[in-house]
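Shown here: coords-v9.cif, mmCIF, C-alpha atoms.
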data_model
#
loop_
_atom_site.label_atom_id
_atom_site.label_comp_id
_atom_site.auth_asym_id
_atom_site.auth_seq_id
_atom_site.Cartn_x
_atom_site.Cartn_y
_atom_site.Cartn_z
CA MET A 1 28.41 170.12 93.22
CA THR A 2 32.11 170.28 92.38
CA VAL A 3 32.96 168.03 95.32
CA VAL A 4 30.43 165.44 94.13
CA ASN A 5 31.81 165.53 90.58
CA ASN A 6 35.37 165.13 91.84
CA ALA A 7 34.33 162.15 93.96
CA GLU A 8 32.61 160.50 90.99
CA MET A 9 35.68 161.14 88.84
CA TRP A 10 37.97 159.49 91.40
CA GLN A 11 35.60 156.53 91.64
CA PHE A 12 35.63 156.20 87.86
CA ARG A 13 39.44 156.40 87.75
CA PHE A 14 39.73 153.84 90.55
CA LEU A 15 37.39 151.50 88.66
CA LEU A 16 39.43 151.87 85.48
CA LEU A 17 42.63 151.17 87.42
CA CYS A 18 41.10 148.01 88.92
CA LEU A 19 39.98 146.83 85.48
CA LEU A 20 43.45 147.50 84.09
CA PHE A 21 45.11 145.47 86.87
CA LEU A 22 42.55 142.68 86.33
CA LEU A 23 43.27 142.64 82.60
CA LEU A 24 47.03 142.58 83.17
CA GLY A 25 46.58 139.78 85.71
CA LEU A 26 44.54 137.71 83.25
CA ILE A 27 47.12 138.26 80.51
CA LEU A 28 49.92 137.19 82.87
CA LEU A 29 47.92 134.16 84.00
CA TYR A 30 47.20 133.22 80.37
CA ARG A 31 50.92 133.33 79.54
CA LYS A 32 52.14 131.53 82.65
CA SER A 33 49.42 128.98 83.40
CA ARG A 34 49.05 126.09 80.95
CA SER A 35 45.78 125.02 82.58
CA PHE A 36 44.23 128.50 82.43
CA ARG A 37 45.36 128.96 78.83
CA PHE A 38 43.84 125.62 77.90
CA ARG A 39 40.48 126.53 79.45
CA ILE A 40 40.30 129.92 77.74
CA LYS A 41 41.19 128.49 74.33
CA TYR A 42 38.90 125.48 74.70
CA ILE A 43 35.93 127.59 75.79
CA GLY A 44 36.61 129.96 72.89
CA TYR A 45 36.86 127.08 70.43
CA ASN A 46 33.52 125.61 71.48
CA PHE A 47 31.93 129.07 71.40
CA VAL A 48 33.08 129.51 67.79
CA ILE A 49 31.59 126.12 66.86
CA MET A 50 28.28 127.10 68.49
CA LEU A 51 28.21 130.43 66.65
CA SER A 52 29.00 128.61 63.41
CA ALA A 53 25.99 126.38 64.02
CA ILE A 54 23.78 129.46 63.74
CA HIS A 55 25.26 130.19 60.31
CA TRP A 56 24.87 126.53 59.34
CA THR A 57 21.22 126.60 60.38
CA PHE A 58 20.45 129.47 58.00
CA VAL A 59 22.31 127.68 55.19
CA GLY A 60 20.43 124.46 55.99
CA LEU A 61 17.08 126.23 55.91
CA CYS A 62 17.94 127.56 52.44
CA HIS A 63 19.07 124.10 51.23
CA PRO A 64 17.35 121.58 53.53
CA PHE A 65 18.92 118.11 53.78
CA ASP A 66 21.48 118.87 51.05
CA VAL A 67 24.75 117.13 51.92
CA ASP A 68 26.67 119.81 49.99
CA ASN A 69 25.72 122.28 52.72
CA PHE A 70 28.86 121.17 54.53
CA HIS A 71 31.03 122.46 51.68
CA ARG A 72 29.07 125.69 51.53
CA CYS A 73 30.23 126.45 55.07
CA SER A 74 33.49 124.59 55.64
CA GLY A 75 35.89 127.08 54.07
CA ILE A 76 34.74 130.03 56.19
CA LEU A 77 35.04 128.14 59.47
CA TYR A 78 38.33 126.48 58.58
CA ASN A 79 40.08 129.71 57.61
CA PHE A 80 38.82 131.46 60.76
CA LEU A 81 40.04 128.61 63.01
CA VAL A 82 43.45 128.62 61.32
CA ARG A 83 43.84 132.34 61.99
CA ALA A 84 42.48 132.14 65.54
CA TYR A 85 44.38 129.06 66.74
CA SER A 86 47.33 128.69 64.34
CA ILE A 87 46.34 125.08 63.73
CA ARG A 88 45.86 123.63 60.28
CA ALA A 89 45.29 120.24 58.70
CA GLN A 90 47.86 118.80 56.31
CA VAL A 91 46.36 116.06 54.16
CA GLU A 92 48.28 113.44 52.21
CA GLY A 93 46.47 111.47 49.52
CA LEU A 94 43.56 113.74 48.63
CA GLU A 95 44.08 112.78 45.00
CA ILE A 96 42.64 109.35 45.86
CA PHE A 97 39.18 110.92 45.94
CA ASP A 98 39.69 112.01 42.32
CA THR A 99 40.03 108.37 41.29
CA LEU A 100 36.62 107.66 42.86
CA LYS A 101 34.63 110.46 41.25
CA GLU A 102 32.33 108.03 39.45
CA LYS A 103 31.75 105.97 42.60
CA ASN A 104 30.45 106.59 46.08
CA PHE A 105 32.19 105.13 49.12
CA ILE A 106 32.37 104.89 52.88
CA ILE A 107 35.09 106.72 54.79
CA VAL A 108 36.29 105.31 58.10
CA ALA A 109 38.61 107.38 60.29
CA ASN A 110 39.99 107.28 63.81
CA HIS A 111 38.57 109.83 66.24
CA GLN A 112 40.77 111.72 68.72
CA SER A 113 39.00 114.85 69.95
CA SER A 114 36.73 117.74 69.05
CA LEU A 115 39.67 119.17 67.07
CA ASP A 116 38.93 116.52 64.44
CA VAL A 117 36.71 119.31 63.09
CA PHE A 118 39.88 120.67 61.44
CA VAL A 119 40.23 117.32 59.66
CA LEU A 120 36.60 117.20 58.55
CA LEU A 121 36.69 120.76 57.22
CA GLN A 122 39.83 120.15 55.17
CA THR A 123 39.48 116.53 54.09
CA THR A 124 35.80 115.76 53.46
CA PRO A 125 35.08 115.26 49.74
CA ARG A 126 31.95 116.63 48.14
CA ARG A 127 28.65 114.69 48.32
CA THR A 128 29.63 113.33 51.74
CA THR A 129 27.59 113.21 54.91
CA PHE A 130 28.34 111.83 58.37
CA LEU A 131 27.08 109.16 60.73
CA ALA A 132 26.56 110.42 64.29
CA LYS A 133 25.12 109.13 67.54
CA ARG A 134 21.52 110.19 68.08
CA GLU A 135 22.40 112.14 71.24
CA LEU A 136 24.04 114.82 69.10
CA LEU A 137 20.69 115.56 67.48
CA TYR A 138 19.65 117.20 70.76
CA ALA A 139 22.79 119.32 71.16
CA PRO A 140 21.76 123.01 71.27
CA LEU A 141 21.98 124.67 67.83
CA PHE A 142 24.41 122.09 66.48
CA GLY A 143 21.94 119.20 66.38
CA PHE A 144 19.32 121.07 64.35
CA ALA A 145 21.95 122.36 61.91
CA ALA A 146 23.41 118.86 61.48
CA TRP A 147 19.92 117.49 60.79
CA LEU A 148 19.40 120.12 58.08
CA PHE A 149 22.81 119.14 56.63
CA GLY A 150 21.64 115.56 56.11
CA VAL A 151 23.70 113.97 58.89
CA VAL A 152 22.57 110.39 59.63
CA PHE A 153 21.74 109.86 63.31
CA VAL A 154 21.80 106.39 64.84
CA ASP A 155 20.40 105.26 68.17
CA ARG A 156 23.13 102.89 69.30
CA SER A 157 21.06 101.69 72.25
CA ASN A 158 18.37 100.28 69.93
CA ALA A 159 19.80 97.60 67.63
CA LYS A 160 16.62 97.23 65.55
CA SER A 161 16.32 100.98 64.99
CA ALA A 162 20.02 101.21 64.11
CA ARG A 163 19.67 98.42 61.53
CA ASN A 164 16.68 100.15 59.95
CA VAL A 165 18.61 103.43 59.73
CA MET A 166 21.59 101.69 58.15
CA ASP A 167 19.34 99.89 55.62
CA LYS A 168 17.78 103.20 54.58
CA THR A 169 21.22 104.80 54.44
CA ALA A 170 22.54 102.09 52.13
CA LYS A 171 19.64 102.69 49.74
CA THR A 172 20.10 106.48 49.87
CA MET A 173 23.82 106.18 49.19
CA ARG A 174 23.18 104.06 46.11
CA ASP A 175 20.28 106.14 44.79
CA LYS A 176 21.74 109.60 45.40
CA LYS A 177 25.44 108.76 45.01
CA ILE A 178 26.28 110.00 48.49
CA ASN A 179 29.41 109.15 50.48
CA LEU A 180 29.34 108.50 54.22
CA TRP A 181 31.97 109.36 56.85
CA ILE A 182 32.00 107.12 59.93
CA PHE A 183 34.19 107.03 63.05
CA PRO A 184 34.12 103.27 63.73
CA GLU A 185 35.62 103.59 67.23
CA GLY A 186 32.32 105.16 68.26
CA THR A 187 33.94 107.69 70.61
CA ARG A 188 37.02 109.86 71.02
CA SER A 189 40.34 108.41 72.10
CA GLN A 190 43.85 109.81 72.58
CA SER A 191 45.37 106.65 73.99
CA GLY A 192 48.15 106.40 71.38
CA THR A 193 46.32 103.64 69.51
CA PHE A 194 42.80 102.82 68.27
CA LEU A 195 39.85 101.56 70.24
CA PRO A 196 38.17 98.42 68.86
CA PHE A 197 36.17 99.17 65.71
CA LYS A 198 32.42 98.72 65.76
CA LYS A 199 31.17 96.69 62.79
CA GLY A 200 28.34 98.91 61.57
CA ALA A 201 30.40 100.72 58.93
CA PHE A 202 31.64 97.43 57.52
CA HIS A 203 28.19 95.82 57.51
CA LEU A 204 27.00 98.83 55.53
CA ALA A 205 29.92 98.72 53.09
CA ILE A 206 29.33 95.04 52.33
CA GLN A 207 25.55 95.44 52.15
CA ALA A 208 25.86 98.29 49.64
CA GLN A 209 28.94 96.76 47.95
CA LEU A 210 30.82 100.04 48.33
CA PRO A 211 34.57 100.54 48.74
CA ILE A 212 35.98 101.68 52.07
CA VAL A 213 38.39 104.63 52.13
CA PRO A 214 40.38 104.59 55.40
CA ILE A 215 41.61 107.95 56.70
CA VAL A 216 44.26 108.03 59.41
CA ILE A 217 44.53 111.07 61.66
CA TYR A 218 48.02 110.97 63.14
CA ASP A 219 48.48 111.48 66.87
CA TYR A 220 48.24 115.20 67.69
CA SER A 221 48.26 114.99 71.48
CA SER A 222 51.17 117.46 71.50
CA ILE A 223 48.78 120.01 69.97
CA PHE A 224 45.63 119.16 71.92
CA ASN A 225 45.16 116.93 74.94
CA LYS A 226 42.43 117.49 77.54
CA LYS A 227 44.14 115.32 80.14
CA ASN A 228 47.42 117.22 79.93
CA LYS A 229 45.72 120.60 79.34
CA ALA A 230 47.52 121.09 76.03
CA PHE A 231 46.12 123.42 73.38
CA GLU A 232 49.01 124.60 71.21
CA HIS A 233 49.61 125.71 67.62
CA GLY A 234 50.73 123.24 64.97
CA ILE A 235 49.82 120.93 62.11
CA ILE A 236 47.38 118.03 62.32
CA LYS A 237 48.55 115.43 59.81
CA ILE A 238 46.19 113.15 57.94
CA LYS A 239 46.62 110.39 55.38
CA VAL A 240 43.95 109.20 52.95
CA MET A 241 44.67 105.54 52.24
CA ASP A 242 43.92 103.52 49.13
CA PRO A 243 40.34 102.23 48.85
CA ILE A 244 39.57 98.73 50.09
CA SER A 245 37.11 96.86 47.89
CA THR A 246 34.13 94.97 49.26
CA ASP A 247 33.19 93.38 45.93
CA GLY A 248 31.99 89.82 46.43
CA LEU A 249 32.10 89.99 50.23
CA ALA A 250 29.15 88.72 52.27
CA ALA A 251 27.84 89.24 55.79
CA ASP A 252 30.09 86.44 57.08
CA ASP A 253 33.14 88.50 56.06
CA VAL A 254 32.30 91.53 58.22
CA GLY A 255 34.52 90.53 61.15
CA GLU A 256 37.52 89.79 58.96
CA LEU A 257 37.05 93.02 56.99
CA THR A 258 36.80 95.05 60.20
CA ASP A 259 40.02 93.58 61.58
CA HIS A 260 41.84 94.00 58.27
CA VAL A 261 40.95 97.68 57.90
CA ARG A 262 41.85 98.44 61.51
CA GLN A 263 45.23 96.72 61.23
CA GLU A 264 46.08 98.53 57.98
CA MET A 265 45.15 101.86 59.56
CA LEU A 266 47.20 101.10 62.67
CA LYS A 267 50.27 100.43 60.52
CA VAL A 268 49.94 103.87 58.97
CA PHE A 269 49.13 105.51 62.31
CA HIS A 270 52.36 104.25 63.85
CA GLU A 271 54.57 104.82 60.82
CA LYS A 272 55.07 108.54 61.43
CA ASP A 273 55.92 110.34 64.64
CA SER A 274 54.23 113.72 64.60
CA SER A 275 55.07 114.50 68.21
CA GLY A 276 56.92 117.67 67.29
CA SER A 277 54.28 119.02 64.98
CA HIS A 278 53.19 121.71 67.47
CA GLN A 279 56.40 123.60 66.73
CA ASN A 280 55.47 124.18 63.11
CA SER A 281 54.27 127.68 62.43
CA VAL A 282 51.09 128.31 60.48
CA PRO A 283 50.81 131.16 57.99
CA ALA A 284 48.00 133.52 58.92
CA GLY A 285 46.56 133.44 55.43
CA GLU A 286 46.41 129.68 55.04
CA LYS A 287 43.61 128.74 52.65
CA LYS A 288 41.49 125.63 52.45
CA ASN A 289 42.35 123.23 49.68
CA GLU A 290 39.60 122.69 47.15
#
Mind converting the file's structure to structure tokens?
Amino acid sequence: MTVVNNAEMWQFRFLLLCLLFLLLGLILLYRKSRSFRFRIKYIGYNFVIMLSAIHWTFVGLCHPFDVDNFHRCSGILYNFLVRAYSIRAQVEGLEIFDTLKEKNFIIVANHQSSLDVFVLLQTTPRRTTFLAKRELLYAPLFGFAAWLFGVVFVDRSNAKSARNVMDKTAKTMRDKKINLWIFPEGTRSQSGTFLPFKKGAFHLAIQAQLPIVPIVIYDYSSIFNKKNKAFEHGIIKIKVMDPISTDGLAADDVGELTDHVRQEMLKVFHEKDSSGSHQNSVPAGEKKNE
């Protein structure tokens, strides 16, 4: 009996020793391998977003289709991500939203990566929802939560359906005084410039006669870049630009308005080099601005 117990004890000790060496090896690999570190942090980041979607679902079920659900949840997620990844969003021009309190508006912003979530959590004004491609509606957990949050889904492959959705959205925005956030590039890009803007946001702005508030997310490829396997700490910088009026514009002006907004945003995007922003430290207790 004693011999059997001793053998089991040695097996247990050997197993613990193997686990210890495995853990030390993973820690060493995490510190030395940029690619491995990127994968671990990126998988963890997406896992946190998925877990958050469960929380969002419960909030959405309590307040179905209320666009303020986003603000009920944003602070918790933002503060956790800041502590976990030492990344925060630094916003210039938030006071512009205060000048528009009696109006609703359409936000257009460039789209770089999934880390734009930091920007959304810190920058989105109250009574604001988002336009998203219909495919996201079927994303596990996230799609259902987004639907309950009042996100507007558009089928970009069906022009007639998309127009109907945008017509209904314009009416809802006017009736309920809701703002809408749109990424007019239609997809993510870290090319160092902007992709061509799709015209849907600008059709909607002219149709509803609402001002456009451009938001520029400065290049943060030194903080996060899937191609280069970068996932570092730092500050994502954002600028809220002055509103652009659509008063008196008609459907024939959509193309010119689209080009004008894109060019104005590009000027701001290229005015500041934030390539060294990953070296900025982030206080562990950073709070979300209200």
**OP:** Please determine the residues with any atom at most 7 Å from (35.4, 109.1, 63.0) (coordinates as given in the file, with all atoms listed in the file counting) and report them as a list in words.
**Re:**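 Protein, DNA and RNA residues close to (35.4, 109.1, 63.0): Val108, Ala109, Asn110, His111, Ile182, Phe183, Pro184 and Glu185 of chain A.
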Original post:
Which residues fall under the PyMOL selection byres ((chain A and resi 189) around 8) in this file, as a ChimeraX atom specification?
Top reply: /A:111-113,187-188,190-191,194-195
Closest contacts (region 52-90 of chain A/region 139-144 of chain A, max 9 Å, all atoms listed in the file) as JSON lines:
{"residue": "A:Ser52", "atom": "CA", "partner": "A:Phe142", "partner_atom": "CA", "distance": 8.5}
{"residue": "A:Ala53", "atom": "CA", "partner": "A:Phe142", "partner_atom": "CA", "distance": 5.2}
{"residue": "A:Ile54", "atom": "CA", "partner": "A:Leu141", "partner_atom": "CA", "distance": 6.6}
{"residue": "A:Trp56", "atom": "CA", "partner": "A:Phe142", "partner_atom": "CA", "distance": 8.4}
{"residue": "A:Thr57", "atom": "CA", "partner": "A:Phe144", "partner_atom": "CA", "distance": 7.1}
Original post:
Quick one: which residues end up in the PyMOL selection byres ((chain A and resi 38) around 12) for this structure, as a ChimeraX atom specification?
Top reply: /A:29-37,39-45,85,223-233
Original post:
If you count all atoms listed in the file, which residues fall within 9 Å of Lys177 (chain A), apart from same-chain ones fewer than 5 positions away, as an MDAnalysis selection string?
Top reply: chainID A and resid 102:105 127 172
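Atom to atom, CA of Ala162 (chain A) and CA of Gly200 (chain A) stand 9.0 Å apart.
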Original post:
Could you state the separation of CA of Phe202 (chain A) and CA of Ser161 (chain A) in Å, given to one decimal place?
Top reply: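 Answer for the CA of Phe202 (chain A) to CA of Ser161 (chain A) separation: 17.4 Å.
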**OP:** Given the file shown, determine the residues that the PyMOL selection byres ((chain A and resi 72) around 12) selects; report them as a list of chain:residue names.
**Re:**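 Applying the expression gives A:His55, A:Trp56, A:Thr57, A:Phe58, A:Val59, A:Gly60, A:Cys62, A:His63, A:Asp66, A:Val67, A:Asp68, A:Asn69, A:Phe70, A:His71, A:Cys73, A:Ser74, A:Gly75, A:Ile76, A:Leu77, A:Tyr78, A:Leu121, A:Arg126, A:Arg127, A:Phe149, A:Glu290.
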Original post:
What does the distance between CA of Met50 (chain A) and CA of Tyr138 (chain A) come to in Å, to one decimal place?
Top reply: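 According to the coordinates, CA of Met50 (chain A) and CA of Tyr138 (chain A) are separated by 13.3 Å.
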Original post:
Looking at A:Ile236, A:Ala159, A:Met173, A:Ile206, which one is nearest to Leu115 (chain A), with distances taken over all atoms listed in the file?
Top reply: A:Ile236
Subject >> Among the residues A:Val261, A:Val165, A:Ile244, A:Val268, the one that comes closest to Asp219 (chain A) [using all atoms listed in the file] >> reply: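 Between A:Val261, A:Val165, A:Ile244, A:Val268, the residue approaching Asp219 (chain A) most closely is A:Val268.
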Original post:
Between A:Ser221, A:Asn46, A:Ser245, A:Thr193, which has the minimum distance to Gln209 (chain A) (counting all atoms listed in the file)?
Top reply: A:Ser245
**OP:** Write out as a list in words each polymer residue whose atoms come within 8 Å of Trp147 (chain A), counting all atoms listed in the file; drop sequence neighbours fewer than 4 positions from it.
**Re:**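 Skipping anything fewer than 4 positions along the chain leaves Phe65, Leu137, Gly143, Val151 and Val152 of chain A.
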What does the file look like for those residues with C-alpha atoms, as a PDB file, keeping the file's coordinate frame?
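Final output, selection.pdb:
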ATOM      1  CA  PHE A  65      18.920 118.110  53.780  1.00  0.00           C
ATOM      2  CA  LEU A 137      20.690 115.560  67.480  1.00  0.00           C
ATOM      3  CA  GLY A 143      21.940 119.200  66.380  1.00  0.00           C
ATOM      4  CA  VAL A 151      23.700 113.970  58.890  1.00  0.00           C
ATOM      5  CA  VAL A 152      22.570 110.390  59.630  1.00  0.00           C
TER       6      VAL A 152
END
Would you compute the box with edges along x, y and z of the file around region 109-121 of chain A, including every atom the file lists for it and 8 Å extra on each side, and give its centre and edge lengths in Å to one decimal, as lines of an AutoDock Vina configuration file?
center_x = 38.7
center_y = 114.0
center_z = 63.6
size_x = 20.2
size_y = 29.5
size_z = 28.7
Please provide as a short mmCIF file (atom, residue, chain, number, x, y, z; two decimals) with C-alpha atoms, in the coordinates of the input all residues within 12 Å of Glu95 (chain A), with the sequence filter that same-chain residues fewer than 4 positions apart are discarded (counting all atoms listed in the file).
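Result went into selection-v4.cif, see below:
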data_model
loop_
_atom_site.label_atom_id
_atom_site.label_comp_id
_atom_site.auth_asym_id
_atom_site.auth_seq_id
_atom_site.Cartn_x
_atom_site.Cartn_y
_atom_site.Cartn_z
CA VAL A 91 46.36 116.06 54.16
CA THR A 99 40.03 108.37 41.29
CA LEU A 100 36.62 107.66 42.86
CA LYS A 101 34.63 110.46 41.25
CA THR A 123 39.48 116.53 54.09
CA PRO A 125 35.08 115.26 49.74
CA LYS A 239 46.62 110.39 55.38
CA VAL A 240 43.95 109.20 52.95
CA MET A 241 44.67 105.54 52.24
CA ASP A 242 43.92 103.52 49.13
CA PRO A 243 40.34 102.23 48.85
CA ASN A 289 42.35 123.23 49.68
CA GLU A 290 39.60 122.69 47.15
#
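Considering all atoms listed in the file, the residue among A:Ala208, A:Ala201, A:Val216, A:Leu16 positioned nearest to Thr258 (chain A) is A:Ala201.
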